[in-house]
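A quick write-up on the structure given underneath.
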Amino acid sequence: MRKVKYIVPFILIGVMLGACSHQETQISVDTDALVAQYVTYSEDDFYSEWQGSSFTKIHLNGASAVADGPGGVVIENGVIEIRTTGTYIIDGTLDDGQIVVDAEDDGTVRLILNGTSITSSTSAAIYVKQADQTVISLEAGTENVVTDAKEYVFATKEDEPSGAIFSKDDLSINGDGKLIVNANYKDGIVGRDELIVTGGHIEINAEDDGIVGRDLFAMRDANIKVTANGDGMKSSNDEDAEKGNIVLQSGSLQITAGLDGVQSERDVLVVDGQYSIVAGGGSPETMETRQEFRTGSMQGGMMGSLDMSQIQQYIAGEMTKEELLENIDESQLPDDLTVEDIETMFDQMKSGGVPQMGDRQRGQNMTPPNMNSQTGEETATKEEGDQMPEDFEPSGGQGMTPPDVTNEGEENTSDDESISTKGIKATTLIQIESGTLTIDSEEDALHSDGHVTINGGQFTINTGDDGIHADADVVMTAGTVRIEKSYEGIEGVNVTIKNGDIYVQASDDGININGGSSDFDRTQTTETEETNDSESLLLIEGGYVYVNADGDGLDSNGNIKMTAGTVVVYGPTNAGNGALDYDGTFTVEGGTLMAAGSSGMAMGLSDTSAQKALMMTFTNVQESGTIVNITTATGEVIATVAPEKAFQTLVISTPDLAPEESYTVNFGGTVKGEAKNGVYSEASTMVGMTGSVEFILPSQVMTYLNESGITENSSGMMMPGGGGGFGGPRGNRGTMNQPSNQQEEIEGSTS
């Protein structure tokens with residue numbers, strides 16, 4: 001058995017960083033050293049010529065076999081038993097029998113499959129009972145087929161073997177030939193210690209799991225296709241803290257699994273190669289939208305059976321307020337919220353105002369989802385809002401309900417709560433250095449109970465749950481990640497983006513820090529949880545980030561910090577979420593931020609931000625593709641964007657914004673130039689605009705504008721981090737979404 005020294009590769013991040021700038025992080029990784037932390041290859045793991053060496057030939061002739069050579073071979077009743085180490089060349093067909101390796105001496109047993117078919121009606125086709133190491137070499141130009149029984153006959157009360165090819169000790173597979181494994185009982189290829197594949201073209205059809213390397217599975221320069229009703233590939237040792245790892249070093253792997261695609265009890269390391277994974281039947285083709293009204297903490301059981309359609313009926317005069325209130329479960333309301341508060345909110349909504357709910361810090365000012373905050377009329381439809389970049393080519397619908405949750409927000413009870421249908425799943429760490437990964441999974445595409453680290457690679461992800469999920473930290477330093485379909489795009493306690501191109505399409509939150517969804521169900525959070533939340537961080541230090549979300553675009557239960565890069569957020573068209581949402585602070589020290597969305601829950605930056613920003617709130621919802629740009633007093637264009645979804649607010653932060661300088665926000669016209677995802681790198685002066693706002697940028701961090709100019713709100717309500725706001729700032733730093741007698745024009749003019 002190999003002795004493998006283990007060093008947590010997550011710590012290598014600390015020594016990977018080389019020369020850095022605000023725009024780019026240079027990373028150098030010694031992948032050989034990284035792989036060596038998990039596996040030590042031996043010469044026997046790789047194919048070598050055998051013709052000039054001593055070998056024993058075993059010819060299978062249907063019902064039995066004939067052996068010729070120095071090796072220890074016993075043939076009886078269709079069972080070919082190999083009792084000594086050495087090299088064995090196997091060809092021919094065995095209609096009903098078994099190859100058994102039970103070596104009595106130390107060393108390696110090498111089986112050269114030279115065009116053979118082995119079928120067993122009672123057990124595994126190849127069974128390694130005892131050997132220091134067994135090597136199966138697939139001779140180039142040959143096809144080899146192994147088929148096990150649908151039901152095994154055990155001599156005693158054992159549960160092994162359990163796969164068509166089963167080894168109790170270390171097993172290696174190499175060569176350039178083809179191997180087809182038909183696993184009718186349970187698993188395809190099983191190594192109870194280490195399983196290493198360094199070559200071959202392998203196809204596995206398994207009733208349960210495709211490949212199992214209990215202590216380790218390592219793949220290098222092989223081409224593997226797995227179709228399995230259970231897990232596609234797994235490393236299952238959950239008893240030894242240094243075992244249960246999977247290393248995908250190179251080659252190609254195609255998995256179609258009923259459960260997890262790749263599942264490790266410890267770490268998954270991807271160095272390079274091409275990987276295609278479909279887990280749990282793939283992501284839903286049609287995804288249903290949650291219909292409950294997300295009014296702060298009044299969600300789910302707190303609102304009883306009240307849903308958005310009933311609120312719309314009330315606003316339209318088709319339902320009385322009394323009928324609406326009958327659906328509220330008063331016993332479930334938080335202590336600081338009463339039925340009278342809700343009744344007042346409904347009155348404000350019906351009159352076209354922004355609902356106010358006392359001093360509640362979350363969800364206190366919002367517009368009903370998909371409703372215009374000014375008129376109460378329905379805004380852009382979901383289909384109009386859910387647009388990805390033209391080069392994105394999303395493959396499915398939007399607005400899904402997360403697995404195991406009904407449309408009413410109730411958790412489904414499953415007969416087997418252990419069922420998992422994730423793309424790649426690890427207990428401790430998923431680390432990806434390079435490669436091409438295409439994942440279509442019912443649940444999370446990448447899921448770690450610990451950390452996820454992405455240092456490179458090309459990703460295409462479609463999932464019915466999270467695109468990338470870590471119970472701890474997500475770190476992304478390079479690569480191109482396209483999450484074409486997800487419930488939530490990227491989720492972790494902390495998420496750090498150092499570089500790379502990231503595209504996210506989410507039916508709920510785009511990037512979510514510290515777990516949860518945009519449903520405001522955190523009213524019972526303990527003091528300890530609140531402390532943990534406040535320490536959570538979304539850190540963007542470079543790269544390009546695109547988010548198209550039906551829930552919150554960037555959502556942090558703690559803080560958000562941006563020092564470089566470009567971030568483009570197209571947030572919700574419903575007013576129950578915001579393009580930006582954070583509980584702590586959002587500080588920008590560099591880079592370009594553009595965030596468009598609805599007005600009901602819109603937030604800006606915190607007062608602690610070093611870079612200036614502005615939020616433009618429009619009187620009416622703007623159609624998708626409406627161009628907005630900012631020009632200086634001399635006519636220089638410093639920012640131009642045409643959001644790909646309907647929007648009512650737009651947050652822009654760029655290093656080009658300077659205090660005490662004159663600017664103009666123009667909208668509704670046309671410009672010439674090239675755009676990426678709606679953002680123009682260079683654009684001409686706008687012509688044919690439908691409106692413009694001239695203003696002098698104040699010295700404060702956030703400048704809030706509406707179509708009348710700069711505004712402020714004297715309501716005295718504060719937002720997390722001392723800034724931000726639902727469509728305007730809190731305290732005396734800005735305005736709410738729409739004109740009121742509390743709103744005052746400070747400076748500026750409109751044309």
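As shown in the structure tokens, the chain order sets the letters A, B, ...; within each chain, residues go from 1, and ligands are also counted from 1 in the order they appear.
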Exercise. What lies within 7 Å of segment 153-170 of chain A using only C-alpha atoms, ignoring chain neighbours under 6 positions off, as number ranges by chain?
Worked result: A: 1, 122-134, 146-147, 181-183, 185-195
Exercise. Can you list every residue in segment 457-633 of chain A that DSSP puts in helix (DSSP H, G or I), as JSON, numbers by chain?
Worked result: {"A": [527, 528, 529, 530, 531, 532, 533, 534, 535]}
Limited to N, CA and C atoms, could you put the picked residues into a file as a CSV table (one decimal), in the first residue's frame?
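Resulting contents of selection39.csv:
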chain,number,residue,atom,x,y,z
A,527,GLU,N,-27.4,36.2,18.3
A,527,GLU,CA,-26.4,37.2,18.3
A,527,GLU,C,-25.1,36.7,17.8
A,528,THR,N,-24.8,35.4,18.0
A,528,THR,CA,-23.6,34.8,17.5
A,528,THR,C,-23.6,34.8,16.0
A,529,GLU,N,-24.8,34.4,15.4
A,529,GLU,CA,-24.9,34.3,13.9
A,529,GLU,C,-24.7,35.7,13.3
A,530,GLU,N,-25.3,36.7,14.0
A,530,GLU,CA,-25.1,38.1,13.5
A,530,GLU,C,-23.6,38.5,13.5
A,531,THR,N,-22.9,38.1,14.5
A,531,THR,CA,-21.5,38.4,14.6
A,531,THR,C,-20.8,37.8,13.4
A,532,ASN,N,-21.1,36.5,13.2
A,532,ASN,CA,-20.5,35.8,12.1
A,532,ASN,C,-20.8,36.4,10.8
A,533,ASP,N,-22.1,36.8,10.6
A,533,ASP,CA,-22.5,37.5,9.3
A,533,ASP,C,-21.6,38.7,9.1
A,534,SER,N,-21.4,39.5,10.2
A,534,SER,CA,-20.8,40.8,10.0
A,534,SER,C,-19.3,40.6,9.6
A,535,GLU,N,-18.7,39.5,9.8
A,535,GLU,CA,-17.4,39.2,9.4
A,535,GLU,C,-17.2,38.6,8.0
Problem set entry | Top pick for closest residue to Thr227 of chain A, considering A:Val641, A:Asn245, A:Glu203, A:Leu179 and counting only C-alpha atoms | A:Glu203
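Separating atom CA of Ser448 of chain A from atom CA of Lys243 of chain A is a distance of 16.2 Å.
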For this session: Excluding segment 690-693 of chain A and residues on its chain fewer than 6 positions from it, collect all residues at most 12 Å away from it, counting only C-alpha atoms, and give them as a PyMOL selection string.
Result: chain A and resi 616-619+622+626-632+662-670+704-711+747-751
For this session: Could you find all residues in segment 514-726 of chain A that DSSP calls strand (DSSP E or B) from the backbone, and write them as a ChimeraX atom specification?
Result: /A:537-540,544-549,554-556,559-562,566-570,580-582,586-588,592-597,613-622,628-632,637-641,647-653,662-667,670,673-676,679-683,687,691-696,702-706,709-713
Problem set entry | Counting only C-alpha atoms, the residue of A:Asn548, A:Gln274, A:Thr427, A:Ser684 that sits nearest Ser235 of chain A | A:Thr427
Problem set entry | Long-range neighbours of Ser283 of chain A as an MDAnalysis selection string, 9 Å cut-off, only C-alpha atoms, 5 positions minimum in chain | chainID A and resid 278 396 440:443 462:465 485:486
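Each of A:Gly635, A:Leu325, A:Thr93, A:Arg266 was compared to Asp341 of chain A using only C-alpha atoms, and A:Leu325 turns out to be the nearest.
Comparing the minimum interatomic distances between Leu554 of chain A and each of A:Asn205, A:Asn512, A:Ser64, A:Gln263, counting only C-alpha atoms, we find that A:Asn512 sits nearest.
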Determine, counting only C-alpha atoms, which protein, DNA and RNA residues have an atom within 8 Å of an atom of Ile468 of chain A; residues of the same chain fewer than 5 positions away are not included. Present the result as a PDB file with C-alpha atoms, in the first residue's frame.
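Resulting contents of part_29.pdb:
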ATOM      1  CA  ASP A 444     -25.047  22.354  -6.782  1.00  0.00           C
ATOM      2  CA  ALA A 445     -22.583  22.102  -9.655  1.00  0.00           C
ATOM      3  CA  LEU A 446     -19.515  22.566  -7.411  1.00  0.00           C
ATOM      4  CA  HIS A 447     -20.168  21.902  -3.727  1.00  0.00           C
ATOM      5  CA  VAL A 452     -13.641  25.992  -3.190  1.00  0.00           C
ATOM      6  CA  GLY A 489     -24.755  31.601  -8.736  1.00  0.00           C
ATOM      7  CA  ILE A 490     -21.891  31.646  -6.224  1.00  0.00           C
ATOM      8  CA  GLU A 491     -22.320  31.147  -2.478  1.00  0.00           C
TER       9      GLU A 491
END
Exercise. Pick the closest to Ile196 of chain A from A:Ser54, A:Thr84, A:Asn237, A:Ser42: which is it, counting only C-alpha atoms?
Worked result: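 Counting only C-alpha atoms, the residue closest to Ile196 of chain A is A:Ser42.
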